[in-house]
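Participant: Contents of my_file_23.cif (mmCIF, C-alpha atoms and all ligand atoms):
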```cif
data_data
loop_
_atom_site.group_PDB
_atom_site.id
_atom_site.type_symbol
_atom_site.label_atom_id
_atom_site.label_comp_id
_atom_site.auth_asym_id
_atom_site.auth_seq_id
_atom_site.Cartn_x
_atom_site.Cartn_y
_atom_site.Cartn_z
ATOM 1 C CA MET P 25 11.089 -5.152 47.290
ATOM 2 C CA ILE P 26 9.599 -8.663 47.226
ATOM 3 C CA ARG P 27 6.283 -7.230 45.983
ATOM 4 C CA CYS P 28 7.997 -5.357 43.200
ATOM 5 C CA SER P 29 9.881 -8.350 41.923
ATOM 6 C CA ARG P 30 6.764 -10.521 42.062
ATOM 7 C CA ALA P 31 4.874 -7.951 39.985
ATOM 8 C CA ALA P 32 7.748 -7.891 37.530
ATOM 9 C CA MET P 33 7.625 -11.685 37.269
ATOM 10 C CA ILE P 34 3.882 -11.556 36.524
ATOM 11 C CA VAL P 35 4.446 -8.969 33.796
ATOM 12 C CA LEU P 36 7.223 -11.046 32.271
ATOM 13 C CA GLY P 37 4.981 -14.097 32.398
ATOM 14 C CA LEU P 38 2.211 -12.266 30.534
ATOM 15 C CA ILE P 39 4.656 -11.133 27.867
ATOM 16 C CA ALA P 40 5.893 -14.706 27.459
ATOM 17 C CA GLN P 41 2.297 -15.956 27.112
ATOM 18 C CA ALA P 42 1.484 -13.317 24.506
ATOM 19 C CA GLY P 43 4.597 -14.270 22.587
ATOM 20 C CA SER P 44 3.810 -17.983 22.562
ATOM 21 C CA ALA P 45 0.179 -17.345 21.553
ATOM 22 C CA ARG P 46 1.402 -15.341 18.570
ATOM 23 C CA ALA P 47 3.919 -18.012 17.628
ATOM 24 C CA GLN P 48 1.226 -20.695 17.701
ATOM 25 C CA GLY P 49 -1.168 -18.774 15.427
ATOM 26 C CA SER P 50 -1.369 -19.831 11.833
ATOM 27 C CA GLY P 51 0.393 -17.525 9.400
ATOM 28 C CA SER P 52 1.888 -14.154 10.187
ATOM 29 C CA PRO P 53 0.924 -11.854 13.068
ATOM 30 C CA ASN P 54 -0.842 -9.678 10.476
ATOM 31 C CA ALA P 55 -2.971 -12.591 9.281
ATOM 32 C CA ALA P 56 -3.873 -13.324 12.895
ATOM 33 C CA ALA P 57 -4.922 -9.684 13.285
ATOM 34 C CA GLY P 58 -7.194 -9.927 10.236
ATOM 35 C CA LEU P 59 -4.884 -7.877 8.010
ATOM 36 C CA ALA P 60 -4.532 -8.991 4.412
ATOM 37 C CA GLU P 61 -1.144 -8.391 2.821
ATOM 38 C CA VAL P 62 -0.758 -7.324 -0.793
ATOM 39 C CA SER P 63 2.586 -6.934 -2.528
ATOM 40 C CA ILE P 64 2.811 -4.611 -5.535
ATOM 41 C CA VAL P 65 5.833 -4.794 -7.840
ATOM 42 C CA GLY P 66 6.990 -1.894 -9.985
ATOM 43 C CA SER P 67 9.460 -1.708 -12.884
ATOM 44 C CA ASP P 68 10.492 0.815 -15.573
ATOM 45 C CA TYR P 69 7.694 1.878 -16.283
ATOM 46 C CA ALA P 70 4.776 -0.260 -15.197
ATOM 47 C CA PHE P 71 3.328 -2.128 -12.275
ATOM 48 C CA LEU P 72 3.978 -5.819 -12.919
ATOM 49 C CA LYS P 73 0.751 -7.830 -12.982
ATOM 50 C CA PRO P 74 -1.113 -5.584 -10.548
ATOM 51 C CA PRO P 75 -4.127 -7.390 -9.053
ATOM 52 C CA PRO P 76 -7.328 -6.452 -10.921
ATOM 53 C CA SER P 77 -9.289 -6.863 -7.697
ATOM 54 C CA ILE P 78 -8.536 -7.007 -3.984
ATOM 55 C CA ALA P 79 -10.942 -8.119 -1.247
ATOM 56 C CA ALA P 80 -12.530 -5.505 0.992
ATOM 57 C CA GLY P 81 -11.123 -4.919 4.446
ATOM 58 C CA LYS P 82 -7.985 -4.000 6.301
ATOM 59 C CA THR P 83 -4.992 -4.407 4.009
ATOM 60 C CA LEU P 84 -1.268 -3.778 4.265
ATOM 61 C CA PHE P 85 0.464 -2.905 0.996
ATOM 62 C CA SER P 86 4.146 -3.419 0.364
ATOM 63 C CA PHE P 87 6.042 -2.144 -2.667
ATOM 64 C CA GLU P 88 9.000 -3.732 -4.444
ATOM 65 C CA ASN P 89 10.951 -1.804 -7.081
ATOM 66 C CA ARG P 90 12.532 -4.028 -9.734
ATOM 67 C CA GLY P 91 13.431 -1.073 -11.945
ATOM 68 C CA ARG P 92 16.592 0.942 -12.453
ATOM 69 C CA VAL P 93 15.142 4.224 -11.234
ATOM 70 C CA ARG P 94 13.296 5.285 -8.102
ATOM 71 C CA HIS P 95 9.577 4.483 -8.090
ATOM 72 C CA GLU P 96 6.602 5.049 -5.849
ATOM 73 C CA LEU P 97 3.341 3.284 -5.161
ATOM 74 C CA SER P 98 0.716 5.929 -4.607
ATOM 75 C CA ILE P 99 -2.795 4.677 -3.782
ATOM 76 C CA ALA P 100 -5.986 6.717 -3.905
ATOM 77 C CA LEU P 101 -9.710 5.985 -3.664
ATOM 78 C CA LEU P 102 -11.412 7.175 -6.850
ATOM 79 C CA GLN P 103 -14.764 8.921 -6.856
ATOM 80 C CA PRO P 104 -17.570 6.547 -7.929
ATOM 81 C CA GLY P 105 -17.539 6.016 -11.704
ATOM 82 C CA VAL P 106 -14.108 7.593 -12.251
ATOM 83 C CA THR P 107 -11.618 5.565 -14.327
ATOM 84 C CA VAL P 108 -7.838 5.658 -14.727
ATOM 85 C CA LYS P 109 -8.439 7.157 -18.186
ATOM 86 C CA ASP P 110 -10.423 10.015 -16.637
ATOM 87 C CA VAL P 111 -7.571 10.749 -14.230
ATOM 88 C CA MET P 112 -4.902 10.555 -16.958
ATOM 89 C CA GLU P 113 -6.871 12.969 -19.131
ATOM 90 C CA ALA P 114 -7.380 15.427 -16.287
ATOM 91 C CA PRO P 115 -5.853 18.871 -16.663
ATOM 92 C CA ALA P 116 -2.352 19.202 -15.210
ATOM 93 C CA GLY P 117 -2.368 19.544 -11.454
ATOM 94 C CA GLN P 118 -5.945 18.268 -11.081
ATOM 95 C CA THR P 119 -5.327 14.525 -11.066
ATOM 96 C CA THR P 120 -5.794 14.272 -7.305
ATOM 97 C CA SER P 121 -8.542 16.889 -7.067
ATOM 98 C CA ARG P 122 -11.773 15.927 -5.293
ATOM 99 C CA ARG P 123 -13.468 15.740 -8.678
ATOM 100 C CA PHE P 124 -11.536 12.523 -9.379
ATOM 101 C CA VAL P 125 -10.164 11.330 -6.043
ATOM 102 C CA GLU P 126 -12.276 10.874 -2.938
ATOM 103 C CA SER P 127 -9.358 10.095 -0.635
ATOM 104 C CA ILE P 128 -5.575 9.866 -0.952
ATOM 105 C CA ILE P 129 -4.498 6.725 0.889
ATOM 106 C CA GLY P 130 -0.737 7.285 0.870
ATOM 107 C CA ILE P 131 2.580 6.645 -0.844
ATOM 108 C CA LEU P 132 5.380 4.099 -0.582
ATOM 109 C CA ILE P 133 8.728 4.914 -2.207
ATOM 110 C CA ALA P 134 11.480 2.442 -3.100
ATOM 111 C CA ARG P 135 14.945 2.880 -4.553
ATOM 112 C CA PRO P 136 15.987 0.731 -7.546
ATOM 113 C CA GLY P 137 16.217 -2.935 -6.637
ATOM 114 C CA GLU P 138 14.779 -2.408 -3.160
ATOM 115 C CA SER P 139 11.500 -2.727 -1.337
ATOM 116 C CA SER P 140 9.977 0.092 0.650
ATOM 117 C CA GLY P 141 11.046 -0.075 4.275
ATOM 118 C CA GLY P 142 7.516 0.569 5.492
ATOM 119 C CA ARG P 143 4.081 -0.575 4.466
ATOM 120 C CA LEU P 144 0.862 1.225 3.687
ATOM 121 C CA PHE P 145 -2.409 0.494 5.470
ATOM 122 C CA ALA P 146 -5.785 0.825 3.760
ATOM 123 C CA ASP P 147 -9.266 -0.245 4.864
ATOM 124 C CA LEU P 148 -10.521 -1.131 1.382
ATOM 125 C CA GLN P 149 -14.168 -0.302 0.770
ATOM 126 C CA ARG P 150 -16.467 -2.757 -0.952
ATOM 127 C CA GLY P 151 -17.753 -1.729 -4.369
ATOM 128 C CA ARG P 152 -15.085 0.928 -4.912
ATOM 129 C CA ARG P 153 -12.153 1.431 -7.293
ATOM 130 C CA TYR P 154 -8.645 2.501 -6.313
ATOM 131 C CA ILE P 155 -5.917 3.891 -8.525
ATOM 132 C CA ILE P 156 -2.270 2.927 -8.111
ATOM 133 C CA VAL P 157 0.189 5.277 -9.728
ATOM 134 C CA CYS P 158 3.791 6.486 -9.778
ATOM 135 C CA THR P 159 3.969 10.243 -10.274
ATOM 136 C CA LEU P 160 7.775 10.525 -10.185
ATOM 137 C CA LYS P 161 9.854 11.932 -13.064
ATOM 138 C CA ASP P 162 13.424 10.933 -13.956
ATOM 139 C CA THR P 163 14.329 14.556 -14.704
ATOM 140 C CA PRO P 164 12.406 17.801 -14.125
ATOM 141 C CA ASP P 165 11.502 18.006 -17.820
ATOM 142 C CA ALA P 166 10.656 14.324 -18.272
ATOM 143 C CA GLN P 167 7.186 12.845 -18.361
ATOM 144 C CA ARG P 168 5.771 11.443 -15.160
ATOM 145 C CA HIS P 169 6.126 7.670 -14.896
ATOM 146 C CA ALA P 170 2.315 7.477 -14.947
ATOM 147 C CA GLU P 171 2.355 8.890 -18.475
ATOM 148 C CA LEU P 172 4.910 6.220 -19.452
ATOM 149 C CA GLY P 173 2.514 3.491 -18.303
ATOM 150 C CA MET P 174 3.031 3.283 -14.562
ATOM 151 C CA VAL P 175 -0.609 3.530 -13.598
ATOM 152 C CA SER P 176 -3.332 0.980 -12.924
ATOM 153 C CA SER P 177 -6.387 0.403 -10.784
ATOM 154 C CA PHE P 178 -8.058 -2.347 -8.820
ATOM 155 C CA ASP P 179 -11.668 -2.939 -7.864
ATOM 156 C CA VAL P 180 -12.918 -4.077 -4.479
ATOM 157 C CA PRO P 181 -15.793 -6.491 -5.132
HETATM 158 CU CU CU P 201 7.936 5.335 -11.180
#
```
What would the structure in this file look like if it were written as structure tokens?
Ligand SMILES: [Cu+2]

Facilitator:
Amino acid sequence: MIRCSRAAMIVLGLIAQAGSARAQGSGSPNAAAGLAEVSIVGSDYAFLKPPPSIAAGKTLFSFENRGRVRHELSIALLQPGVTVKDVMEAPAGQTTSRRFVESIIGILIARPGESSGGRLFADLQRGRRYIIVCTLKDTPDAQRHAELGMVSSFDVP
């Protein structure tokens, strides 16, 4: 019994040390872990001042919806040389085909006036271009938000 409690005390001590080390680090735990954080803001129907470029490396994206309808932040790695215009002019149903998109990173969704509860991780590759887009529609017959202007891209220098 004495052994057990001593082991438990050691474990608790290690947890306390880890906690204080994190608290002493500069910035957030993510910054300490080498994770950049990028916040993207959406409205009806555009991304507000999306960054034209983002540094390479491990990045956590968050998404805030300042609009009156539900929006998403969908991120994908474009094939080399592909532009947003190319994707927007693609035949219906082919916008995320391998011809245009090398890899689909993921999607964050946020209700009006809210931020997404989770965040999206991407290991951004140097020299590449990523598209950010909202493919939602307000009604089944409506245009996709992308067609209303909710699409952009950023380069990774
Ligand atoms: Cu949208």

Participant: I'd like to know which of P:Lys161, P:Arg122, P:His95, P:Arg135 is closest to ligand CU 201 (chain P), using all atoms listed in the file.

Facilitator: P:His95

Participant: Got a sec: who's within 9 Å of Asp147 in chain P, counting only C-alpha atoms, leaving out chain neighbours fewer than 4 positions off, as a PyMOL selection string?

Facilitator: chain P and resi 80-84

Participant: Measuring atom to atom with only C-alpha atoms, identify which of P:Pro104, P:Gly91, P:Gly151, P:Pro164 is nearest to Val125 in chain P.

Facilitator: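 Comparing P:Pro104, P:Gly91, P:Gly151, P:Pro164 against Val125 in chain P, the winner is P:Pro104.
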
Participant: So that each row is one residue of chain P with an atom at most 12 Å from ligand CU 201 (chain P), can you give its shortest atom pair and the distance in Å to one decimal, using all atoms listed in the file, rows by chain and rising number, as a Markdown table?

Facilitator:
```
| residue | atom | partner | partner_atom | distance |
| --- | --- | --- | --- | --- |
| P:Val65 | CA | P:CU201 | CU | 10.9 |
| P:Gly66 | CA | P:CU201 | CU | 7.4 |
| P:Ser67 | CA | P:CU201 | CU | 7.4 |
| P:Asp68 | CA | P:CU201 | CU | 6.8 |
| P:Tyr69 | CA | P:CU201 | CU | 6.2 |
| P:Ala70 | CA | P:CU201 | CU | 7.6 |
| P:Phe71 | CA | P:CU201 | CU | 8.8 |
| P:Leu72 | CA | P:CU201 | CU | 12.0 |
| P:Phe87 | CA | P:CU201 | CU | 11.5 |
| P:Glu88 | CA | P:CU201 | CU | 11.3 |
| P:Asn89 | CA | P:CU201 | CU | 8.8 |
| P:Arg90 | CA | P:CU201 | CU | 10.5 |
| P:Gly91 | CA | P:CU201 | CU | 8.5 |
| P:Arg92 | CA | P:CU201 | CU | 9.8 |
| P:Val93 | CA | P:CU201 | CU | 7.3 |
| P:Arg94 | CA | P:CU201 | CU | 6.2 |
| P:His95 | CA | P:CU201 | CU | 3.6 |
| P:Glu96 | CA | P:CU201 | CU | 5.5 |
| P:Leu97 | CA | P:CU201 | CU | 7.8 |
| P:Ser98 | CA | P:CU201 | CU | 9.8 |
| P:Ile131 | CA | P:CU201 | CU | 11.7 |
| P:Leu132 | CA | P:CU201 | CU | 11.0 |
| P:Ile133 | CA | P:CU201 | CU | 9.0 |
| P:Ala134 | CA | P:CU201 | CU | 9.3 |
| P:Arg135 | CA | P:CU201 | CU | 10.0 |
| P:Pro136 | CA | P:CU201 | CU | 10.0 |
| P:Ile156 | CA | P:CU201 | CU | 10.9 |
| P:Val157 | CA | P:CU201 | CU | 7.9 |
| P:Cys158 | CA | P:CU201 | CU | 4.5 |
| P:Thr159 | CA | P:CU201 | CU | 6.4 |
| P:Leu160 | CA | P:CU201 | CU | 5.3 |
| P:Lys161 | CA | P:CU201 | CU | 7.1 |
| P:Asp162 | CA | P:CU201 | CU | 8.3 |
| P:Thr163 | CA | P:CU201 | CU | 11.8 |
| P:Ala166 | CA | P:CU201 | CU | 11.8 |
| P:Gln167 | CA | P:CU201 | CU | 10.4 |
| P:Arg168 | CA | P:CU201 | CU | 7.6 |
| P:His169 | CA | P:CU201 | CU | 4.7 |
| P:Ala170 | CA | P:CU201 | CU | 7.1 |
| P:Glu171 | CA | P:CU201 | CU | 9.8 |
| P:Leu172 | CA | P:CU201 | CU | 8.9 |
| P:Gly173 | CA | P:CU201 | CU | 9.1 |
| P:Met174 | CA | P:CU201 | CU | 6.3 |
| P:Val175 | CA | P:CU201 | CU | 9.1 |
```

Participant: Have a look at P:Ala100, P:Val111, P:Ala116, P:Ala146 and name the one nearest to Glu61 in chain P; count all atoms listed in the file.

Facilitator: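 Closest to Glu61 in chain P, using all atoms listed in the file: P:Ala146.
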
Participant: Could you jot down the CA of Val180 in chain P to CA of Glu138 in chain P separation for me, Å, one decimal place?

Facilitator: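 CA of Glu138 in chain P lies 27.8 Å from CA of Val180 in chain P.
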
Participant: I'd like the interatomic distance between CA of Ala56 in chain P and CA of Phe145 in chain P, to a tenth of an Å.

Facilitator: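 Pair CA of Ala56 in chain P / CA of Phe145 in chain P returns 15.8 Å.
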
Participant: Quick one: pull the distance between CA of Ser127 in chain P and CA of Val106 in chain P, Å, one decimal.

Facilitator: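 CA of Ser127 in chain P sits 12.8 Å away from CA of Val106 in chain P.
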
Participant: Taking all atoms of range 91-103 of chain P that the file lists, what box with edges along x, y and z, padded by 3 Å per side, do you get, with centre and edge lengths in Å to one decimal, as lines of an AutoDock Vina configuration file?

Facilitator:
```
center_x = 0.9
center_y = 3.9
center_z = -8.1
size_x = 37.4
size_y = 16.0
size_z = 14.8
```
